[in-house]
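Next comes model_1.tsv, a file with TSV, C-alpha atoms and all ligand atoms.
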chain	number	residue	atom	x	y	z
O	1	SER	CA	29.17	-7.88	-13.57
O	2	LYS	CA	31.20	-10.54	-15.36
O	3	ARG	CA	29.51	-13.63	-16.65
O	4	PHE	CA	30.79	-16.87	-15.29
O	5	TYR	CA	28.82	-19.07	-17.59
O	6	SER	CA	27.69	-19.03	-21.14
O	7	SER	CA	25.13	-21.78	-20.62
O	8	ALA	CA	21.59	-20.64	-21.41
O	9	LYS	CA	20.16	-22.54	-18.47
O	10	LYS	CA	20.35	-20.82	-15.11
O	11	LEU	CA	22.00	-23.12	-12.60
O	12	THR	CA	21.24	-23.08	-8.90
O	13	ILE	CA	24.27	-23.57	-6.69
O	14	GLY	CA	23.95	-24.18	-2.96
O	15	LEU	CA	26.46	-22.29	-0.81
O	16	ILE	CA	27.24	-23.79	2.59
O	17	PRO	CA	29.91	-21.59	4.21
O	18	ALA	CA	29.63	-23.47	7.57
O	19	ASP	CA	32.30	-22.38	10.11
O	20	GLY	CA	35.30	-20.07	10.57
O	21	ILE	CA	36.97	-18.92	7.35
O	22	GLY	CA	34.37	-20.88	5.37
O	23	LYS	CA	32.17	-17.84	6.05
O	24	GLU	CA	34.75	-15.63	4.29
O	25	VAL	CA	36.04	-17.71	1.38
O	26	ILE	CA	32.66	-18.90	0.09
O	27	PRO	CA	30.93	-15.50	-0.06
O	28	ALA	CA	34.08	-13.80	-1.43
O	29	LEU	CA	33.52	-15.05	-4.95
O	30	SER	CA	29.76	-15.49	-5.05
O	31	SER	CA	29.07	-11.92	-3.92
O	32	SER	CA	30.99	-10.65	-6.94
O	33	TYR	CA	28.66	-12.63	-9.17
O	34	SER	CA	25.42	-11.93	-7.41
O	35	ASN	CA	23.98	-10.36	-10.58
O	36	SER	CA	25.02	-13.22	-12.85
O	37	PRO	CA	22.34	-13.97	-15.42
O	38	ASN	CA	23.45	-17.61	-15.42
O	39	PHE	CA	23.44	-18.42	-11.74
O	40	ASN	CA	21.29	-18.52	-8.67
O	41	PHE	CA	23.10	-18.90	-5.39
O	42	ILE	CA	21.20	-20.08	-2.35
O	43	GLU	CA	22.83	-19.95	1.04
O	44	LEU	CA	22.30	-22.99	3.24
O	45	ASN	CA	23.07	-23.71	6.88
O	46	ALA	CA	25.36	-26.33	8.41
O	47	GLY	CA	28.31	-26.47	10.79
O	48	PHE	CA	29.32	-26.59	14.42
O	49	GLU	CA	28.35	-22.96	14.97
O	50	HIS	CA	24.89	-23.75	13.57
O	51	PHE	CA	24.71	-26.75	15.92
O	52	GLN	CA	25.55	-24.52	18.89
O	53	LYS	CA	22.73	-22.15	17.92
O	54	THR	CA	20.07	-24.69	16.95
O	55	GLY	CA	21.09	-28.17	18.10
O	56	THR	CA	21.42	-29.35	14.47
O	57	ALA	CA	24.69	-29.51	12.48
O	58	LEU	CA	23.17	-30.46	9.13
O	59	PRO	CA	19.53	-29.34	8.93
O	60	GLN	CA	17.09	-31.47	6.93
O	61	GLU	CA	16.14	-28.29	5.03
O	62	THR	CA	19.73	-28.01	3.73
O	63	LEU	CA	19.66	-31.59	2.46
O	64	ASP	CA	16.21	-31.18	0.92
O	65	ARG	CA	17.07	-27.96	-0.88
O	66	LEU	CA	20.34	-29.40	-2.18
O	67	LYS	CA	18.52	-32.44	-3.54
O	68	ASN	CA	15.48	-30.63	-4.90
O	69	GLU	CA	16.78	-27.27	-6.08
O	70	CYS	CA	20.52	-27.38	-6.73
O	71	SER	CA	22.74	-28.57	-9.59
O	72	GLY	CA	25.73	-28.60	-7.24
O	73	ALA	CA	27.10	-26.91	-4.15
O	74	LEU	CA	30.13	-25.32	-2.55
O	75	PHE	CA	30.99	-26.16	1.06
O	76	GLY	CA	33.37	-24.01	3.11
O	77	ALA	CA	34.90	-25.57	6.22
O	78	VAL	CA	33.81	-27.06	9.49
O	79	SER	CA	35.19	-26.83	13.03
O	80	SER	CA	34.17	-30.05	14.72
O	81	PRO	CA	35.52	-30.10	18.29
O	82	SER	CA	38.24	-32.63	19.19
O	83	HIS	CA	36.20	-33.96	22.11
O	84	LYS	CA	32.82	-35.69	22.03
O	85	VAL	CA	29.82	-33.35	22.15
O	86	ALA	CA	26.49	-35.03	22.84
O	87	GLY	CA	24.18	-34.93	19.83
O	88	TYR	CA	26.83	-33.56	17.45
O	89	SER	CA	28.25	-35.29	14.43
O	90	SER	CA	30.38	-33.82	11.63
O	91	PRO	CA	28.08	-32.29	8.99
O	92	ILE	CA	30.54	-32.71	6.12
O	93	VAL	CA	30.95	-36.42	6.81
O	94	ALA	CA	27.12	-36.70	7.00
O	95	LEU	CA	26.67	-34.67	3.80
O	96	ARG	CA	29.07	-36.88	1.85
O	97	LYS	CA	27.23	-39.93	3.09
O	98	ASN	CA	23.74	-38.56	2.56
O	99	LEU	CA	24.37	-37.49	-1.04
O	100	ASP	CA	26.53	-40.56	-1.70
O	101	LEU	CA	29.50	-38.39	-2.71
O	102	TYR	CA	31.78	-41.38	-2.83
O	103	VAL	CA	35.08	-39.85	-3.85
O	104	ASN	CA	36.86	-36.65	-2.93
O	105	VAL	CA	39.18	-35.54	-5.74
O	106	ARG	CA	42.03	-33.26	-4.77
O	107	PRO	CA	44.26	-31.82	-7.51
O	108	VAL	CA	47.63	-30.69	-6.17
O	109	VAL	CA	49.23	-28.55	-8.86
O	110	SER	CA	52.22	-26.24	-8.81
O	111	VAL	CA	52.17	-22.98	-10.70
O	112	ALA	CA	55.32	-22.20	-12.71
O	113	SER	CA	57.38	-19.97	-10.50
O	114	ASN	CA	59.25	-17.01	-11.94
O	115	LYS	CA	61.75	-17.39	-9.11
O	116	ASP	CA	62.73	-20.99	-9.89
O	117	PRO	CA	61.90	-21.88	-13.51
O	118	ASN	CA	63.85	-25.16	-13.27
O	119	GLN	CA	61.60	-26.65	-10.61
O	120	LYS	CA	59.86	-29.78	-11.93
O	121	PRO	CA	56.10	-29.21	-12.13
O	122	ILE	CA	53.81	-31.06	-9.74
O	123	ASP	CA	50.46	-32.19	-11.08
O	124	ILE	CA	48.93	-34.86	-8.85
O	125	LEU	CA	45.29	-35.85	-8.60
O	126	ILE	CA	44.59	-37.45	-5.23
O	127	ILE	CA	41.43	-39.56	-5.15
O	128	ARG	CA	40.25	-40.16	-1.63
O	129	GLU	CA	37.57	-42.74	-0.89
O	130	ASN	CA	34.91	-40.68	0.85
O	131	THR	CA	32.37	-42.91	2.57
O	132	GLU	CA	34.06	-45.46	4.78
O	133	CYS	CA	37.41	-46.45	6.40
O	134	LEU	CA	37.70	-45.12	9.98
O	135	TYR	CA	35.26	-42.33	9.09
O	136	ILE	CA	32.28	-44.62	9.69
O	137	LYS	CA	32.86	-43.45	13.27
O	138	GLN	CA	32.09	-46.72	15.03
O	139	GLU	CA	34.02	-45.91	18.19
O	140	ARG	CA	33.58	-47.19	21.70
O	141	GLN	CA	35.37	-47.25	25.02
O	142	THR	CA	35.82	-50.15	27.42
O	143	VAL	CA	37.77	-50.68	30.61
O	144	ASP	CA	40.63	-53.17	30.65
O	145	GLU	CA	39.89	-55.80	33.27
O	146	LYS	CA	43.51	-56.23	34.33
O	147	THR	CA	44.63	-52.63	34.55
O	148	GLY	CA	41.30	-50.90	35.20
O	149	LEU	CA	42.35	-48.35	32.59
O	150	LYS	CA	40.33	-47.15	29.63
O	151	VAL	CA	40.67	-48.68	26.16
O	152	ALA	CA	39.29	-46.97	23.05
O	153	TRP	CA	38.31	-48.87	19.90
O	154	ALA	CA	37.34	-47.93	16.36
O	155	ASP	CA	36.02	-50.16	13.61
O	156	ARG	CA	37.33	-49.65	10.12
O	157	LYS	CA	35.23	-50.59	7.12
O	158	ILE	CA	36.66	-51.26	3.67
O	159	SER	CA	34.19	-52.71	1.17
O	160	GLU	CA	34.72	-54.16	-2.26
O	161	TYR	CA	31.82	-52.03	-3.52
O	162	ALA	CA	33.25	-48.68	-2.35
O	163	SER	CA	36.84	-49.58	-3.26
O	164	ARG	CA	35.80	-50.62	-6.75
O	165	ARG	CA	33.90	-47.46	-7.62
O	166	CYS	CA	36.69	-45.36	-6.18
O	167	GLY	CA	39.27	-47.33	-8.20
O	168	LYS	CA	37.17	-46.96	-11.33
O	169	MET	CA	37.07	-43.20	-10.84
O	170	ALA	CA	40.88	-43.19	-10.51
O	171	PHE	CA	41.42	-45.02	-13.81
O	172	GLU	CA	38.77	-42.96	-15.60
O	173	MET	CA	40.39	-39.75	-14.42
O	174	ALA	CA	43.85	-41.00	-15.41
O	175	LEU	CA	42.52	-41.54	-18.94
O	176	SER	CA	40.81	-38.16	-19.17
O	177	ARG	CA	43.86	-36.32	-17.81
O	178	ASP	CA	45.97	-38.09	-20.42
O	179	LYS	CA	43.55	-37.04	-23.17
O	180	ILE	CA	43.80	-33.39	-22.12
O	181	ARG	CA	47.60	-33.53	-21.92
O	182	GLN	CA	47.86	-35.13	-25.32
O	183	SER	CA	45.56	-32.56	-26.89
O	184	LEU	CA	47.65	-29.76	-25.37
O	185	ARG	CA	50.90	-31.64	-26.13
O	186	LEU	CA	51.86	-31.09	-22.52
O	187	TRP	CA	53.16	-34.40	-21.39
O	188	ASP	CA	55.04	-37.32	-22.86
O	189	THR	CA	54.71	-39.91	-20.09
O	190	ARG	CA	52.01	-42.56	-19.80
O	191	PRO	CA	49.12	-42.01	-17.39
O	192	LYS	CA	49.61	-43.74	-14.05
O	193	VAL	CA	47.56	-44.70	-11.00
O	194	THR	CA	49.36	-45.18	-7.67
O	195	ILE	CA	47.42	-47.24	-5.11
O	196	VAL	CA	48.17	-46.25	-1.51
O	197	HIS	CA	47.67	-48.79	1.28
O	198	LYS	CA	49.32	-50.47	4.25
O	199	SER	CA	48.44	-54.07	3.45
O	200	ASN	CA	51.72	-55.40	4.81
O	201	VAL	CA	50.20	-54.74	8.25
O	202	LEU	CA	46.45	-54.46	7.60
O	203	SER	CA	46.22	-57.33	5.16
O	204	ILE	CA	42.45	-57.82	5.44
O	205	THR	CA	41.20	-54.23	5.18
O	206	ASP	CA	43.93	-52.53	3.15
O	207	GLY	CA	44.47	-55.83	1.38
O	208	LEU	CA	40.88	-55.68	0.09
O	209	PHE	CA	41.28	-52.06	-1.03
O	210	ARG	CA	44.51	-52.89	-2.89
O	211	GLU	CA	43.19	-56.05	-4.51
O	212	THR	CA	39.91	-54.43	-5.57
O	213	VAL	CA	41.53	-51.36	-7.12
O	214	ARG	CA	44.05	-53.60	-8.92
O	215	GLY	CA	41.12	-55.66	-10.21
O	216	VAL	CA	39.56	-52.58	-11.83
O	217	LYS	CA	42.49	-52.40	-14.25
O	218	GLU	CA	43.15	-56.10	-14.54
O	219	ASN	CA	39.55	-56.85	-15.54
O	220	ASP	CA	39.05	-54.06	-18.07
O	221	SER	CA	41.15	-53.70	-21.22
O	222	MET	CA	39.99	-50.07	-21.46
O	223	TYR	CA	42.66	-49.28	-18.88
O	224	ASP	CA	45.51	-51.12	-20.65
O	225	GLY	CA	47.14	-47.78	-21.46
O	226	VAL	CA	47.25	-46.71	-17.80
O	227	ASP	CA	50.22	-47.84	-15.71
O	228	MET	CA	49.56	-49.01	-12.17
O	229	GLU	CA	51.86	-49.01	-9.16
O	230	GLU	CA	51.45	-49.45	-5.41
O	231	GLN	CA	52.88	-47.56	-2.50
O	232	LEU	CA	52.75	-48.27	1.22
O	233	VAL	CA	51.35	-45.15	2.84
O	234	ASP	CA	54.46	-44.41	4.90
O	235	SER	CA	56.82	-44.58	1.95
O	236	MET	CA	54.23	-42.65	-0.08
O	237	VAL	CA	54.74	-39.73	2.28
O	238	TYR	CA	58.52	-40.01	1.84
O	239	ARG	CA	58.29	-40.16	-1.95
O	240	LEU	CA	55.83	-37.27	-2.03
O	241	PHE	CA	58.43	-35.08	-0.37
O	242	ARG	CA	61.36	-36.43	-2.40
O	243	GLU	CA	59.93	-36.72	-5.90
O	244	PRO	CA	56.38	-35.34	-6.09
O	245	HIS	CA	56.65	-34.76	-9.84
O	246	VAL	CA	56.58	-38.53	-10.56
O	247	PHE	CA	52.96	-38.98	-9.41
O	248	ASP	CA	49.91	-38.67	-11.63
O	249	VAL	CA	46.69	-40.08	-10.10
O	250	VAL	CA	46.92	-41.35	-6.51
O	251	VAL	CA	44.08	-43.37	-5.00
O	252	ALA	CA	43.74	-44.05	-1.28
O	253	PRO	CA	41.32	-45.12	1.45
O	254	ASN	CA	39.62	-42.25	3.28
O	255	LEU	CA	42.05	-41.60	6.17
O	256	TYR	CA	45.29	-41.96	4.17
O	257	GLY	CA	43.79	-39.79	1.40
O	258	ASP	CA	42.91	-37.09	3.92
O	259	ILE	CA	46.40	-37.05	5.42
O	260	ILE	CA	48.52	-37.25	2.28
O	261	SER	CA	46.53	-34.52	0.54
O	262	ASP	CA	47.10	-32.04	3.38
O	263	GLY	CA	50.80	-32.96	3.27
O	264	ALA	CA	50.94	-32.59	-0.51
O	265	ALA	CA	49.46	-29.10	-0.17
O	266	ALA	CA	52.73	-28.00	1.43
O	267	LEU	CA	54.49	-28.80	-1.85
O	268	VAL	CA	52.50	-26.26	-3.83
O	269	GLY	CA	52.63	-23.29	-1.50
O	270	SER	CA	49.87	-23.65	1.04
O	271	LEU	CA	46.73	-25.52	2.07
O	272	GLY	CA	45.02	-22.30	1.07
O	273	VAL	CA	45.38	-23.06	-2.64
O	274	VAL	CA	44.26	-26.71	-2.80
O	275	PRO	CA	40.68	-27.38	-3.89
O	276	SER	CA	38.58	-30.50	-3.86
O	277	ALA	CA	35.32	-31.85	-5.16
O	278	ASN	CA	33.13	-34.44	-3.48
O	279	ILE	CA	31.73	-36.43	-6.37
O	280	GLY	CA	28.87	-38.90	-6.60
O	281	ASP	CA	26.83	-40.20	-9.51
O	282	ASN	CA	24.13	-37.57	-9.02
O	283	PHE	CA	25.69	-34.60	-7.27
O	284	VAL	CA	28.93	-32.69	-6.71
O	285	VAL	CA	30.06	-30.46	-3.86
O	286	GLY	CA	33.19	-28.31	-4.29
O	287	GLU	CA	35.11	-27.83	-1.03
O	288	PRO	CA	38.49	-26.27	-0.21
O	289	VAL	CA	40.81	-28.84	1.40
O	290	HIS	CA	41.62	-26.45	4.26
O	291	GLY	CA	39.65	-26.40	7.49
O	292	SER	CA	37.93	-23.55	9.29
O	293	ALA	CA	41.20	-22.00	10.63
O	294	PRO	CA	39.75	-20.42	13.79
O	295	ASP	CA	43.09	-18.63	14.42
O	296	ILE	CA	42.56	-16.32	11.43
O	297	ALA	CA	38.76	-16.38	11.14
O	298	GLY	CA	37.06	-12.99	10.80
O	299	GLN	CA	40.30	-11.19	9.87
O	300	ASN	CA	39.89	-11.02	6.07
O	301	LYS	CA	43.22	-12.81	5.56
O	302	ALA	CA	42.11	-16.29	4.54
O	303	ASN	CA	43.29	-17.38	1.11
O	304	PRO	CA	40.21	-17.59	-1.17
O	305	ILE	CA	42.07	-19.55	-3.89
O	306	ALA	CA	41.21	-23.06	-2.67
O	307	ALA	CA	37.51	-22.13	-2.62
O	308	ILE	CA	37.70	-20.42	-6.02
O	309	ARG	CA	39.46	-23.41	-7.56
O	310	SER	CA	36.83	-25.63	-5.93
O	311	ALA	CA	34.22	-23.60	-7.83
O	312	GLY	CA	36.26	-24.43	-10.96
O	313	LEU	CA	36.10	-28.15	-10.13
O	314	LEU	CA	32.37	-27.84	-9.60
O	315	LEU	CA	31.95	-26.23	-13.04
O	316	GLU	CA	34.21	-28.82	-14.64
O	317	HIS	CA	32.03	-31.56	-13.23
O	318	LEU	CA	28.93	-29.79	-14.54
O	319	GLN	CA	30.60	-29.97	-17.99
O	320	LEU	CA	31.27	-26.21	-18.09
O	321	HIS	CA	34.87	-26.75	-19.13
O	322	THR	CA	35.56	-23.36	-20.73
O	323	GLN	CA	34.31	-21.55	-17.66
O	324	ALA	CA	36.28	-23.82	-15.36
O	325	SER	CA	39.48	-23.20	-17.35
O	326	ALA	CA	38.88	-19.46	-17.16
O	327	ILE	CA	38.86	-19.70	-13.37
O	328	TYR	CA	42.00	-21.87	-13.22
O	329	ASN	CA	43.86	-19.53	-15.60
O	330	ALA	CA	42.82	-16.40	-13.71
O	331	VAL	CA	44.04	-17.94	-10.43
O	332	ASP	CA	47.34	-18.99	-12.05
O	333	ASP	CA	47.81	-15.47	-13.46
O	334	VAL	CA	47.41	-13.95	-10.00
O	335	LEU	CA	49.80	-16.48	-8.46
O	336	LYS	CA	52.41	-15.98	-11.18
O	337	THR	CA	52.23	-12.20	-10.93
O	338	GLY	CA	52.67	-12.46	-7.17
O	339	THR	CA	51.32	-8.98	-6.40
O	340	PHE	CA	48.22	-10.07	-4.52
O	341	LEU	CA	49.02	-12.87	-2.09
O	342	THR	CA	47.51	-13.65	1.30
O	343	PRO	CA	49.84	-14.17	4.31
O	344	ASP	CA	49.98	-17.98	3.91
O	345	LEU	CA	51.83	-17.35	0.61
O	346	GLY	CA	54.08	-14.68	2.07
O	347	GLY	CA	52.02	-11.62	1.06
O	348	ASN	CA	49.82	-9.22	2.98
O	349	SER	CA	46.77	-8.95	0.74
O	350	THR	CA	43.27	-9.50	2.08
O	351	THR	CA	40.79	-12.19	1.07
O	352	GLN	CA	38.83	-9.58	-0.87
O	353	GLN	CA	41.88	-8.10	-2.63
O	354	VAL	CA	42.95	-11.53	-3.91
O	355	THR	CA	39.38	-12.29	-5.00
O	356	ASP	CA	39.13	-8.96	-6.85
O	357	ALA	CA	42.49	-9.58	-8.55
O	358	ILE	CA	41.32	-12.98	-9.78
O	359	ILE	CA	38.05	-11.51	-11.05
O	360	LYS	CA	40.02	-8.91	-13.03
O	361	TYR	CA	41.78	-11.74	-14.90
O	362	LEU	CA	38.53	-13.49	-15.80
O	363	PRO	CA	37.30	-12.86	-19.35
O	364	ASP	CA	34.31	-10.46	-19.65
O	401	LIG	N1	36.91	-27.97	4.02
O	401	LIG	C1	37.54	-29.02	4.68
O	401	LIG	C2	37.29	-29.03	6.15
O	401	LIG	O1	36.38	-28.40	6.66
O	401	LIG	N2	38.16	-29.71	6.85
O	401	LIG	C3	38.04	-29.90	8.23
O	401	LIG	C4	37.29	-31.16	8.46
O	401	LIG	O2	37.04	-31.95	7.58
O	401	LIG	N3	36.91	-31.38	9.63
O	401	LIG	C5	36.09	-32.46	9.96
O	401	LIG	C6	35.03	-31.92	10.82
O	401	LIG	O3	35.26	-30.85	11.40
O	401	LIG	O4	33.98	-32.51	10.95
Spit out the file's structure as structure tokens when you get a sec.
Amino acid sequence: SKRFYSSAKKLTIGLIPADGIGKEVIPALSSSYSNSPNFNFIELNAGFEHFQKTGTALPQETLDRLKNECSGALFGAVSSPSHKVAGYSSPIVALRKNLDLYVNVRPVVSVASNKDPNQKPIDILIIRENTECLYIKQERQTVDEKTGLKVAWADRKISEYASRRCGKMAFEMALSRDKIRQSLRLWDTRPKVTIVHKSNVLSITDGLFRETVRGVKENDSMYDGVDMEEQLVDSMVYRLFREPHVFDVVVAPNLYGDIISDGAAALVGSLGVVPSANIGDNFVVGEPVHGSAPDIAGQNKANPIAAIRSAGLLLEHLQLHTQASAIYNAVDDVLKTGTFLTPDLGGNSTTQQVTDAIIKYLPD
């Protein structure tokens, strides 16, 4: 079998397929590398389906094994129900919190198309704050005294601490992207961070996010070479559709980051090709941006590319840059060739066929 890694040390990677197509896209790649001399994969439980079987969505054993045995992990997708289920809480939100994976980075990149070579390339890195905002899930319901009708409430938390470390990650990544572009002579524009907020309406919460991220640059001369701009979230959506090529690094509170990255995925073909990595100071979990897609689950037609690119992000974060690039290039080769595409990209190939095609492009 092909060797993913040249590192002498064998790395243990936790695989958490979770629900729906997560169970197809995560094993697709790892099974092809089951004999790798450089990797151990251990499969771990989590998800709504696991909750239905056992009453637990994120078992303590999964957390313990991640912390004690793994260098990193890959998470598939989760199907939390849209209504409240007693005792259930989203395992991915809990995992991010438990391992303090405080940002979710989502690269949205177009692959040069043979059909339209004049299209301006899109290369955006969305940095989503991953621990707070409305996702603290402090919701409650009351009854309005006058009308007797229900009222639902949700608290939203934005802290200086979380906004600052998220902002710092954005500026650091803008610098390192610039370094790579300069070394490859790819780009002639300055690196830029766009801060997304709605502080014209939510001046206390979004105002704090905006001010804190601005402060990261204003208080550190290391970031003098990085431009900074701001965008209200509604006009950010408009600009993303009109001129996506002008964005470099985009940083946003949790909910806005979640929404704009799904939207941005439409600009590069499909949600099925956009990866992410949940990053903390001590751990990283790769995770495709797409959800569990119950409508196509079990049919071998899910696009494995987002999961495979997420494995690339995981390797990149573990400093295995050559191996990460090999994955990105193999995926790009398959997309450019256009022979093996899943239905979301207009083809009729299966999950396994696309995976096999990508593996063929990886160096031996
Ligand atoms: N891989 C991303 C994913 O699973 N997205 C769906 C999601 O985040 N759902 C939240 C949940 O089901 O708890």
Within 9 Å of ligand LIG 401 (chain O), which residues show up when you count all atoms listed in the file? List them as an MDAnalysis selection string, please. chainID O and resid 18:19 22 47:48 75:82 89:94 258 275:276 287:293 307
So which residues fall inside 8 Å of (35.3, -49.7, 6.1) if we count all atoms listed in the file? Mind giving them as a short mmCIF file (atom, residue, chain, number, x, y, z; two decimals) with C-alpha atoms, in the frame of the given file?
data_model
loop_
_atom_site.label_atom_id
_atom_site.label_comp_id
_atom_site.auth_asym_id
_atom_site.auth_seq_id
_atom_site.Cartn_x
_atom_site.Cartn_y
_atom_site.Cartn_z
CA GLU O 132 34.06 -45.46 4.78
CA CYS O 133 37.41 -46.45 6.40
CA LEU O 134 37.70 -45.12 9.98
CA TYR O 135 35.26 -42.33 9.09
CA ILE O 136 32.28 -44.62 9.69
CA ASP O 155 36.02 -50.16 13.61
CA ARG O 156 37.33 -49.65 10.12
CA LYS O 157 35.23 -50.59 7.12
CA ILE O 158 36.66 -51.26 3.67
CA SER O 159 34.19 -52.71 1.17
CA THR O 205 41.20 -54.23 5.18
#
At a cut-off of 10 Å, using all atoms listed in the file, what residues contact His245 in chain O? Leave out same-chain residues fewer than 6 positions from it and give the result as a VMD selection string. chain O and resid 109 to 110 119 to 124 239
Just want the 9 Å neighbourhood of range 327-340 of chain O, counted on all atoms listed in the file, with same-chain residues fewer than 6 positions away dropped. Output as a PyMOL selection string. chain O and resi 4+111-114+305+308-309+311-312+347-350+353-354+357-363
What's the separation between CA of Leu232 in chain O and CA of Ser199 in chain O, in Å to one decimal place?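 Taking CA of Leu232 in chain O and CA of Ser199 in chain O, their separation equals 7.6 Å.
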Within 10 Å of range 61-71 of chain O: each range 75-111 of chain O residue with its shortest pair, all atoms listed in the file, as a Markdown table:
| residue | atom | partner | partner_atom | distance |
| --- | --- | --- | --- | --- |
| O:Leu95 | CA | O:Leu63 | CA | 7.8 |
| O:Asn98 | CA | O:Leu63 | CA | 8.1 |
| O:Leu99 | CA | O:Lys67 | CA | 8.1 |
Expressed in Å to a single decimal, how great is the separation between CA of Pro17 in chain O and CA of Leu74 in chain O?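 CA of Leu74 in chain O lies at a distance of 7.7 Å from CA of Pro17 in chain O.
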Which residue out of O:Ala326, O:Ile259, O:Cys166, O:Ala86 has the minimum interatomic distance to Val105 in chain O when all atoms listed in the file are used?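 Looking at the shortest contact to Val105 in chain O, the residue is O:Cys166.
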Identify, on the basis of all atoms listed in the file, every residue whose closest approach to Asp206 in chain O does not exceed 12 Å; exclude the query and any residue fewer than 5 positions from it along the same chain; express the result as a ChimeraX atom specification. /O:133-134,156-160,163,195-201,211-213,230-233,252-256
Contacts of Gly225 in chain O at 12 Å (only C-alpha atoms; same-chain gap of 4+ positions) as a PyMOL selection string: chain O and resi 171-172+174-176+178-179+189-193+217-218+220-221
Considering only C-alpha atoms, return as a list in words whatever protein or nucleic-acid residues lie within 8 Å of Ile42 in chain O, sequence-local ones (same chain, fewer than 5 positions apart) excluded. Thr12, Ile13, Gly14 and Leu15 of chain O
Out of O:Thr322, O:Ser183, O:Gln299, O:Ser270, which residue has the shortest atom-to-atom distance to Leu345 in chain O when counting all atoms listed in the file? O:Ser270
